[in-house]
Amino acid sequence: MARRTELYARHVALNGRMIDFAGWLLPVQYPTGPIEEHHTVRRAAGLFDIDHMGQIVVRGPDALPFLQHVLTADISRMATGEARYSLVCYDDGGVVDDVFVYRLPDRYFIAINAANVEKDTLWFRYHVGRFQATVENVSEETYMLALQGPQAEAILQKLTPAQLDKLPFHRATESKVAGVPTLIGRTGYTGEDGFELFFPREKATLLWDGLMEAGAPLGLKPIGLAARDSLRFEPKLPLYGQEISATINPLEAGLGWAVSFEKGEFVGRGALLKVRLEGPQRKLVGLEMVDRGVPRHGYAVALDGRTIGEVTTGMYAPTPGKYLALAFVPPTQAAIGTEVQVMIRGEAKRARVVKTPFYTPAYRRQPA
Amino acid sequence: MKVDRASRYTRTHEWVRLEGDEAVSGITDYAQEQLSDIVYVELPAIGEHFGKGEVYGVVESVKAASDNYMPVGGTITAVNESLADEPQQVNTDPYGAGWMIRFRPDDPAEIEQLMDAASYEEYVSSLEGAH
């Protein structure tokens with residue numbers, strides 16, 4: 001039986017279509033539909049109930065060396081208030097999870113995927129060993145909302161004393177929102193500017209209502225899981241279980257930038273170093289359909305009738321208005337412009353390898 | 001849910017309407033709402049013949065692909081070419097601009113045997129009640 005978040009009644013009142021996602025009842029869409037929701041986030045702002053996401057707190061004198069051991073990224077030079085993306089890998093280089101690490105004055109705060117909460121907590125605990133560090137799963141008491149889009153800063157600024165124009169991308173601050181103690185991270189999963197908010201669970205409706213009211217004049221709308229997926233797909237932000245998994249390593253997925261071989265030993269380093277030296281067996285590429293059709297997760301990628309790979313995520317991408325996919329192919333077929341086929345209902349439909357990301361994130365664009 | 005009083009309906013949520021000696025068909029308002037935003041419609045070739053209940057095309061929404069079934073047997077005389085660039089017409093106007101096929105029915109009387117609008121509304125509410 002799927003669990004309801006604190007905002008279940010809000011979603012139902014908004015006529016959200018509720019589905020079971022990783023054991024949680026969440027809105028996949030509201031009545032206007034996912035494509036309109038997608039454009040709303042790109043053009044104005046959207047509010048996402050993402051309480052299904054988990055959080056882990058790591059404390060203690062050895063918190064840093066412990067995390068250097070279980071994470072692939074080098075977090076040793078992170079400033080207080082900085083946030084960084086990392087992977088957690090198995091010994092064979094497969095991915096346990098992808099996470100966001102926040103360095104706070106007295107602890108490390110780690111945002112993790114909903115489906116991996118139990119697994120990550122156990123994985124971390126089994127690796128504490130001789131390190132003087134504690135691992136606490138705070139997912140139950142922590143609520144998480146995401147406010148994303150070009151109007152996000154203006155909306156949130158109405159409710160917080162934190163100086164948001166002084167909070168750069170991938171920085172976080174502990175402040176208040178609508179009077180509620182909140183960890184505000186300038187982070188997200190949409191390719192837009194925006195914030196992720198962590199606060200006590202019992203304050204969920206208070207913050208949701210406050211943000212919806214403050215945002216209404218600026219075009220803020222609630223956003224469901226379907227648009228969350230298309231918004232993360234266009235800027236090529238990976239989804240655990242699709243672009244990365246226990247059987248896909250970060251170098252294949254193009255996430256080598258989040259793996260530091262220079263920092264010293266970490267779980268999975270030997271296996272990943274071997275992949276780096278020998279080169280990955282497959283590469284994650286972008287595909288654009290030449291023939292019409294919708295590529296989807298799990299569809300085979302073929303070359304002259306022979307299966308050479310698989311689509312990890314595919315869809316009609318609302319921003320460019322094209323049928324696009326992320327797919328694994330052999331490195332020999334990964335060059336831009338390479339022609340392949342996607343098998344759609346038994347028919348080989350032509351597609352072409354194109355540059356990724358499909359959408360340049362707002363925070364990566366050069367100022368005009 | 002909207003229905004078109006002039007149309008007849010199948011249990012697989014197609015509507016069909018006689019216009020002269022040809023029939024026009026598409027998917028119902030209930031079907032488009034269940035499917036969510038439609039992003040692609042695959043239609044048959046003109047001149048193809050399909051029996052009642054045979055798959056003549058596919059509708060792809062943001063969620064999934066689903067088959068379209070021939071409401072009665074017939075031969076395709078036209079398809080809605082405008083859906084290639086504007087598939088969302090199926091969402092906004094399922095009984096009008098979102099039509100999918102025109103065909104010459106093998107036996108026009110078969111259409112009269114399908115559900116009328118009132119029976120279809122009753123059928124849909126029985127499905128909703130089953131949830």
# chains A, B, ... in the order shown; residues from 1 in each chain; ligands from 1
$ select_by_dssp --residues "region 1-111 of chain B" --states "strand (DSSP E or B)" --output "number ranges by chain"
B: 8-9, 14-19, 22-27, 38-42, 49-50, 55-61, 65-69, 74-79, 101-105
$ interface_residues --of "chain A" --to "chain B" --cutoff "8 Å" --atoms "only C-alpha atoms" --output "PyMOL selection string"
chain A and resi 33-35+226+293-294+315-316
$ write_last_selection --atoms "C-alpha atoms" --output "tab-separated table (two decimals), in the first residue's frame"
chain	number	residue	atom	x	y	z
A	33	GLY	CA	-1.29	18.19	-18.50
A	34	PRO	CA	2.44	17.49	-18.37
A	35	ILE	CA	3.44	19.45	-21.47
A	226	ALA	CA	5.62	13.38	-15.68
A	293	GLY	CA	7.89	7.84	-33.64
A	294	VAL	CA	8.26	7.99	-29.88
A	315	MET	CA	10.01	10.93	-25.24
A	316	TYR	CA	8.60	13.91	-27.07
$ residues_around --residues "Ser66 (chain B)" --least-positions-apart "6" --cutoff "9 Å" --atoms "only C-alpha atoms" --output "list in words"
Leu35, Gly57, Val58, Val59 and Glu60 of chain B
$ residues_around --residues "Glu112 (chain B)" --least-positions-apart "6" --cutoff "10 Å" --atoms "only C-alpha atoms" --output "ChimeraX atom specification"
/B:7-9,16-18
$ residues_around --residues "Glu141 (chain A)" --least-positions-apart "3" --cutoff "6 Å" --atoms "only C-alpha atoms" --output "list in words"
Val138, Pro200 and Arg201 of chain A
$ select_by_dssp --residues "region 1-128 of chain B" --states "helix (DSSP H, G or I)" --output "PyMOL selection string"
chain B and resi 29-35+81-83+89-92+109-112+117-128
